[in-house]
$ cat structure-v9.txt   # compact mmCIF, C-alpha atoms and all ligand atoms
# COMPACT_ATOMS: atom_id res chain seq x y z
CA MET A 239 -5.87 2.72 45.03
CA LYS A 240 -5.36 5.41 42.41
CA LYS A 241 -2.86 3.54 40.31
CA PRO A 242 -5.04 0.83 38.75
CA ILE A 243 -7.51 3.46 37.61
CA LEU A 244 -4.80 5.57 36.05
CA THR A 245 -3.33 2.54 34.35
CA LEU A 246 -6.67 1.59 32.90
CA LEU A 247 -7.23 5.12 31.74
CA SER A 248 -3.88 5.40 30.01
CA LEU A 249 -4.35 2.01 28.40
CA ALA A 250 -7.66 3.16 27.01
CA ILE A 251 -6.07 6.34 25.64
CA LEU A 252 -3.12 4.47 24.17
CA SER A 253 -5.27 1.93 22.39
CA THR A 254 -7.46 4.66 20.89
CA ALA A 255 -4.36 6.42 19.61
CA ALA A 256 -2.97 3.19 18.16
CA ARG A 257 -6.22 2.54 16.35
CA ALA A 258 -6.24 6.01 14.82
CA GLU A 259 -2.73 5.51 13.49
CA GLU A 260 -3.39 2.11 12.00
CA GLY A 261 -5.25 3.59 9.06
CA PRO A 262 -7.70 1.63 6.93
CA ASP A 263 -8.23 -2.04 7.71
CA PHE A 264 -6.36 -4.19 5.21
CA ALA A 265 -8.74 -7.13 4.94
CA LYS A 266 -11.92 -5.06 4.94
CA GLU A 267 -10.97 -1.95 3.00
CA ILE A 268 -7.76 -2.47 1.04
CA ALA A 269 -7.84 -6.09 -0.13
CA PRO A 270 -11.18 -5.71 -1.99
CA ILE A 271 -9.79 -2.82 -4.07
CA LEU A 272 -6.71 -4.80 -5.10
CA GLU A 273 -8.73 -7.96 -5.70
CA ALA A 274 -11.13 -6.13 -8.00
CA SER A 275 -8.57 -4.13 -9.96
CA CYS A 276 -5.11 -5.65 -9.83
CA VAL A 277 -4.75 -9.23 -8.68
CA LYS A 278 -6.01 -10.97 -11.82
CA CYS A 279 -2.85 -9.92 -13.68
CA HIS A 280 -0.42 -9.79 -10.78
CA THR A 281 -0.52 -13.21 -9.18
CA GLU A 282 1.41 -16.48 -9.19
CA ALA A 283 -0.14 -17.71 -12.43
CA LYS A 284 0.19 -14.38 -14.23
CA ALA A 285 2.86 -12.06 -12.92
CA LYS A 286 2.79 -9.17 -15.38
CA GLY A 287 5.82 -6.93 -15.05
CA LYS A 288 7.18 -9.69 -12.74
CA LEU A 289 4.90 -8.23 -10.12
CA ARG A 290 2.77 -10.29 -7.76
CA MET A 291 0.30 -8.74 -5.39
CA ASP A 292 -1.32 -11.84 -3.94
CA THR A 293 0.94 -12.33 -0.95
CA LYS A 294 2.46 -9.84 1.44
CA GLU A 295 5.95 -11.12 0.73
CA MET A 296 5.64 -10.72 -3.05
CA ALA A 297 3.80 -7.40 -2.89
CA MET A 298 6.45 -5.91 -0.62
CA LYS A 299 9.16 -7.17 -2.96
CA GLY A 300 7.67 -5.16 -5.82
CA GLY A 301 8.06 -5.53 -9.57
CA LYS A 302 10.74 -5.61 -12.23
CA GLU A 303 11.24 -1.88 -12.18
CA SER A 304 9.52 -0.47 -9.17
CA LYS A 305 8.70 -0.81 -5.51
CA LEU A 306 4.98 -1.35 -5.27
CA ILE A 307 4.69 -0.38 -1.63
CA VAL A 308 7.07 1.82 0.34
CA PRO A 309 5.51 1.89 3.84
CA GLY A 310 4.94 5.47 4.99
CA LYS A 311 5.65 6.86 1.52
CA PRO A 312 2.71 6.79 -0.88
CA ASP A 313 4.53 9.13 -3.30
CA GLU A 314 7.30 6.57 -3.74
CA SER A 315 4.96 3.59 -4.03
CA SER A 316 4.27 2.53 -7.61
CA LEU A 317 0.87 1.23 -6.41
CA ILE A 318 -0.20 4.87 -6.06
CA LYS A 319 1.84 6.29 -8.93
CA VAL A 320 0.26 4.04 -11.56
CA LEU A 321 -3.21 4.97 -10.35
CA LEU A 322 -2.55 8.70 -10.70
CA LEU A 323 -1.33 8.51 -14.30
CA ASP A 324 -3.53 9.52 -17.21
CA PRO A 325 -5.68 6.39 -17.79
CA ALA A 326 -4.55 6.35 -21.42
CA ALA A 327 -0.84 6.26 -20.51
CA ASP A 328 1.00 3.00 -21.21
CA GLU A 329 2.05 2.54 -17.58
CA ALA A 330 -1.34 3.44 -16.10
CA MET A 331 -2.92 0.59 -14.13
CA PRO A 332 -5.14 -1.22 -14.52
CA PRO A 333 -4.64 -1.15 -18.31
CA GLU A 334 -7.58 0.74 -19.83
CA GLY A 335 -10.75 -1.34 -20.04
CA LYS A 336 -9.20 -4.46 -18.48
CA ALA A 337 -10.36 -4.04 -14.88
CA PRO A 338 -12.29 -1.45 -12.85
CA ARG A 339 -10.20 1.65 -12.08
CA PRO A 340 -10.30 2.54 -8.38
CA ASP A 341 -12.10 5.88 -7.97
CA ALA A 342 -10.65 8.86 -6.09
CA PRO A 343 -11.96 7.85 -2.62
CA LYS A 344 -10.45 4.38 -3.08
CA ILE A 345 -7.10 5.82 -4.14
CA GLU A 346 -7.29 8.02 -1.04
CA LEU A 347 -7.82 4.92 1.12
CA LEU A 348 -4.83 3.19 -0.47
CA LYS A 349 -2.70 6.28 0.20
CA LYS A 350 -3.83 6.41 3.83
CA TRP A 351 -3.04 2.73 4.24
CA ILE A 352 0.51 3.22 2.94
CA THR A 353 0.99 6.40 4.99
CA ALA A 354 -0.04 4.49 8.12
CA GLY A 355 2.70 1.92 7.45
CA ALA A 356 1.01 -0.45 4.96
CA VAL A 357 0.02 -3.00 7.59
CA TRP A 358 -0.66 -6.32 5.83
CA PRO A 359 -1.43 -9.01 8.40
CA ASP A 360 0.66 -12.16 7.97
CA GLY A 361 -1.03 -14.96 6.13
CA VAL A 362 -3.67 -12.84 4.38
CA THR A 363 -3.54 -13.71 0.69
CA LEU A 364 -5.48 -12.07 -2.11
CA LYS A 365 -7.52 -13.69 -4.86
CA SER A 366 -8.83 -11.95 -7.93
CA SER A 367 -12.51 -11.24 -7.62
CA GLU A 368 -12.75 -11.93 -11.36
CA PRO A 369 -11.14 -14.87 -13.18
CA ALA A 370 -8.18 -14.02 -15.43
CA LYS A 371 -8.96 -13.71 -19.13
C1 LIG B 401 -5.23 -6.68 -17.33
C2 LIG B 401 -4.00 -6.95 -16.61
C3 LIG B 401 -3.50 -5.99 -15.56
C4 LIG B 401 -4.20 -5.48 -14.49
C5 LIG B 401 -5.66 -5.69 -14.12
C6 LIG B 401 -3.24 -4.70 -13.72
N1 LIG B 401 -2.01 -4.75 -14.31
FE1 LIG B 401 -0.30 -3.92 -13.59
N2 LIG B 401 0.74 -4.64 -15.22
C7 LIG B 401 0.18 -5.34 -16.26
C8 LIG B 401 1.18 -5.57 -17.29
C9 LIG B 401 0.98 -6.27 -18.62
C10 LIG B 401 2.38 -4.99 -16.79
C11 LIG B 401 3.75 -4.97 -17.45
C12 LIG B 401 3.92 -3.73 -18.24
C13 LIG B 401 5.27 -3.69 -18.84
O1 LIG B 401 6.17 -4.41 -18.39
O2 LIG B 401 5.43 -2.87 -19.75
C14 LIG B 401 2.06 -4.40 -15.50
C15 LIG B 401 2.98 -3.74 -14.71
C16 LIG B 401 2.68 -3.13 -13.49
C17 LIG B 401 3.62 -2.40 -12.68
C18 LIG B 401 5.10 -2.19 -12.99
C19 LIG B 401 5.90 -3.32 -12.38
C20 LIG B 401 7.38 -3.04 -12.41
O3 LIG B 401 7.94 -2.72 -11.35
O4 LIG B 401 7.99 -3.17 -13.48
C21 LIG B 401 2.94 -1.95 -11.58
C22 LIG B 401 3.49 -1.14 -10.42
C23 LIG B 401 1.57 -2.40 -11.71
N3 LIG B 401 1.45 -3.12 -12.89
C24 LIG B 401 0.59 -2.16 -10.79
C25 LIG B 401 -0.75 -2.51 -10.95
C26 LIG B 401 -1.79 -2.13 -10.03
C27 LIG B 401 -1.56 -1.31 -8.77
C28 LIG B 401 -2.96 -2.64 -10.52
C29 LIG B 401 -4.33 -2.45 -9.97
C30 LIG B 401 -4.77 -1.09 -9.72
C31 LIG B 401 -2.62 -3.34 -11.76
N4 LIG B 401 -1.28 -3.24 -11.98
C32 LIG B 401 -3.56 -4.01 -12.56
C33 LIG B 401 -1.12 -5.80 -16.35
C34 LIG B 401 -2.13 -5.51 -15.44
$ encode --input "structure-v9.txt" --output "structure tokens" --more "lines below"
Ligand code: HEC
Amino acid sequence: MKKPILTLLSLAILSTAARAEEGPDFAKEIAPILEASCVKCHTEAKAKGKLRMDTKEMAMKGGKESKLIVPGKPDESSLIKVLLLDPAADEAMPPEGKAPRPDAPKIELLKKWITAGAVWPDGVTLKSSEPAK
């Protein structure tokens, strides 16, 4: 009679732990940042720097010169690196004045998402929240 209770208990503990490790929710917390600041220039129609961020497959592939997302390693992910550059630098993203720059709490969320393994559910695609100019 004790076993089912123990099993239930350990399942509850395990699922809480799994949730804590998952990090920010992609669709709710991460996608809106990328859709507001990046996707208008990095999509199928307009792949600046040969980089697309609209599908998981393309985002994980990265750009001409860099890996956008290295799961578990925000410091090696150009997604984070370009956001930490001086906004006036040539490689800083988004290019100055062209899209809203994610603020520090948003950059922190992106870092946490990558640290937690950059979970991007299959089939979730991103659309710019602003039409390309
Ligand atoms: C207004 C258009 C525009 C927006 C918005 C924009 N980018 Fe870019 N991005 C570019 C252009 C243009 C290049 C190519 C620069 C070059 O090749 O010198 C580029 C290149 C890059 C590269 C280098 C790709 C490589 O590996 O060679 C990365 C990484 C990148 N962008 C990330 C981002 C991220 C992250 C965002 C959102 C925070 C973003 N970009 C928003 C225009 C944009």
$ closest_atom_pairs --input "structure-v9.txt" --of "chain A" --to "ligand LIG 401 (chain B)" --cutoff "9 Å" --atoms "all atoms listed in the file" --output "CSV"
residue,atom,partner,partner_atom,distance
A:Ile271,CA,B:LIG401,C30,7.8
A:Leu272,CA,B:LIG401,C29,5.9
A:Glu273,CA,B:LIG401,C29,8.2
A:Ala274,CA,B:LIG401,C29,8.0
A:Ser275,CA,B:LIG401,C29,4.6
A:Cys276,CA,B:LIG401,C29,3.3
A:Val277,CA,B:LIG401,C5,6.6
A:Lys278,CA,B:LIG401,C5,5.8
A:Cys279,CA,B:LIG401,C2,4.3
A:His280,CA,B:LIG401,N1,6.4
A:Lys284,CA,B:LIG401,C2,8.9
A:Ala285,CA,B:LIG401,C7,8.0
A:Lys286,CA,B:LIG401,C8,4.4
A:Gly287,CA,B:LIG401,C11,3.7
A:Lys288,CA,B:LIG401,C19,6.5
A:Leu289,CA,B:LIG401,C19,5.5
A:Arg290,CA,B:LIG401,C23,8.9
A:Met291,CA,B:LIG401,C26,8.3
A:Gly300,CA,B:LIG401,O3,6.1
A:Gly301,CA,B:LIG401,O3,3.3
A:Lys302,CA,B:LIG401,O4,3.9
A:Glu303,CA,B:LIG401,O3,3.5
A:Ser304,CA,B:LIG401,O3,3.5
A:Lys305,CA,B:LIG401,O3,6.2
A:Leu306,CA,B:LIG401,C22,5.4
A:Ile307,CA,B:LIG401,C22,8.9
A:Ser315,CA,B:LIG401,C22,8.1
A:Ser316,CA,B:LIG401,C22,4.7
A:Leu317,CA,B:LIG401,C27,4.2
A:Ile318,CA,B:LIG401,C27,6.9
A:Lys319,CA,B:LIG401,C22,7.8
A:Val320,CA,B:LIG401,C22,6.2
A:Leu321,CA,B:LIG401,C30,6.3
A:Asp328,CA,B:LIG401,O2,7.5
A:Glu329,CA,B:LIG401,C12,6.6
A:Ala330,CA,B:LIG401,N3,7.8
A:Met331,CA,B:LIG401,C31,4.6
A:Pro332,CA,B:LIG401,C32,3.8
A:Pro333,CA,B:LIG401,C1,5.6
A:Glu334,CA,B:LIG401,C1,8.2
A:Gly335,CA,B:LIG401,C1,8.1
A:Lys336,CA,B:LIG401,C1,4.7
A:Ala337,CA,B:LIG401,C5,5.0
A:Pro338,CA,B:LIG401,C5,8.0
A:Arg339,CA,B:LIG401,C30,6.5
A:Pro340,CA,B:LIG401,C30,6.7
A:Ala370,CA,B:LIG401,C1,8.1
A:Lys371,CA,B:LIG401,C1,8.2
$ atom_distance --input "structure-v9.txt" --atom1 "CA of Pro270 in chain A" --atom2 "CA of Glu282 in chain A"
18.1 Å
$ atom_distance --input "structure-v9.txt" --atom1 "CA of Lys365 in chain A" --atom2 "CA of Asp292 in chain A"
6.5 Å
$ closest_residue --input "structure-v9.txt" --among "A:Pro312, A:Gly355, A:Gly361, A:Pro343" --to "Lys294 in chain A" --atoms "all atoms listed in the file"
A:Gly361
$ residues_around --input "structure-v9.txt" --residues "Val357 in chain A" --least-positions-apart "4" --cutoff "12 Å" --atoms "all atoms listed in the file" --output "list in words"
Glu259, Glu260, Gly261, Pro262, Asp263, Phe264, Ala265, Glu267, Ile268, Ala269, Lys294, Ala297, Met298, Ile307, Val308, Pro309, Gly310, Leu348, Lys350, Trp351, Ile352, Thr353 and Val362 of chain A
$ closest_residue --input "structure-v9.txt" --among "A:Leu244, A:Met296, A:Leu322, A:Leu364" --to "Asp341 in chain A" --atoms "only C-alpha atoms"
A:Leu322
$ atom_distance --input "structure-v9.txt" --atom1 "CA of Leu323 in chain A" --atom2 "CA of Ala342 in chain A"
12.4 Å
$ decode --input "structure-v9.txt" --residues "range 266-336 of chain A" --atoms "C-alpha atoms" --output "tab-separated table (two decimals), in the first residue's frame"
chain	number	residue	atom	x	y	z
A	266	LYS	CA	5.43	32.96	-24.26
A	267	GLU	CA	8.67	34.63	-23.25
A	268	ILE	CA	11.36	34.15	-25.89
A	269	ALA	CA	9.54	34.28	-29.24
A	270	PRO	CA	8.06	37.77	-28.62
A	271	ILE	CA	11.54	39.23	-28.01
A	272	LEU	CA	12.91	37.78	-31.25
A	273	GLU	CA	9.79	38.71	-33.19
A	274	ALA	CA	10.00	42.32	-32.05
A	275	SER	CA	13.73	42.81	-32.51
A	276	CYS	CA	15.25	40.33	-34.95
A	277	VAL	CA	12.93	38.41	-37.23
A	278	LYS	CA	12.12	41.20	-39.70
A	279	CYS	CA	15.67	41.03	-41.07
A	280	HIS	CA	16.43	37.39	-40.42
A	281	THR	CA	13.74	35.42	-42.17
A	282	GLU	CA	13.14	33.55	-45.42
A	283	ALA	CA	12.46	36.70	-47.44
A	284	LYS	CA	15.34	38.66	-45.94
A	285	ALA	CA	18.18	36.61	-44.52
A	286	LYS	CA	20.75	39.23	-43.55
A	287	GLY	CA	24.14	37.70	-42.84
A	288	LYS	CA	22.62	34.49	-44.29
A	289	LEU	CA	20.93	34.11	-40.94
A	290	ARG	CA	17.33	33.05	-40.48
A	291	MET	CA	15.64	33.01	-37.12
A	292	ASP	CA	12.10	32.12	-38.12
A	293	THR	CA	12.34	28.35	-37.83
A	294	LYS	CA	14.06	26.18	-35.27
A	295	GLU	CA	16.03	24.40	-37.97
A	296	MET	CA	17.42	27.61	-39.49
A	297	ALA	CA	18.04	29.32	-36.16
A	298	MET	CA	20.01	26.34	-34.87
A	299	LYS	CA	22.03	26.29	-38.09
A	300	GLY	CA	23.21	29.85	-37.45
A	301	GLY	CA	24.60	32.45	-39.81
A	302	LYS	CA	27.43	32.93	-42.27
A	303	GLU	CA	30.01	33.46	-39.59
A	304	SER	CA	28.55	32.44	-36.30
A	305	LYS	CA	26.45	29.99	-34.35
A	306	LEU	CA	23.38	31.86	-33.21
A	307	ILE	CA	22.45	29.42	-30.47
A	308	VAL	CA	24.76	26.99	-28.70
A	309	PRO	CA	22.43	25.20	-26.25
A	310	GLY	CA	23.77	25.46	-22.69
A	311	LYS	CA	26.36	28.06	-23.69
A	312	PRO	CA	25.08	31.64	-23.84
A	313	ASP	CA	28.66	32.98	-24.00
A	314	GLU	CA	29.25	31.12	-27.26
A	315	SER	CA	25.90	32.04	-28.78
A	316	SER	CA	26.05	34.99	-31.17
A	317	LEU	CA	22.41	35.74	-30.23
A	318	ILE	CA	23.71	36.93	-26.85
A	319	LYS	CA	27.06	38.29	-28.04
A	320	VAL	CA	25.53	40.75	-30.50
A	321	LEU	CA	23.18	42.05	-27.82
A	322	LEU	CA	26.02	42.79	-25.40
A	323	LEU	CA	28.07	44.82	-27.87
A	324	ASP	CA	28.15	48.61	-27.75
A	325	PRO	CA	24.95	49.61	-29.61
A	326	ALA	CA	27.03	51.76	-31.95
A	327	ALA	CA	29.30	48.87	-32.98
A	328	ASP	CA	28.90	47.58	-36.55
A	329	GLU	CA	28.07	44.04	-35.43
A	330	ALA	CA	25.66	45.08	-32.68
A	331	MET	CA	22.11	43.82	-33.23
A	332	PRO	CA	19.57	45.02	-33.96
A	333	PRO	CA	21.33	47.69	-36.05
A	334	GLU	CA	20.92	51.02	-34.26
A	335	GLY	CA	17.48	52.56	-34.73
A	336	LYS	CA	16.16	49.73	-36.91
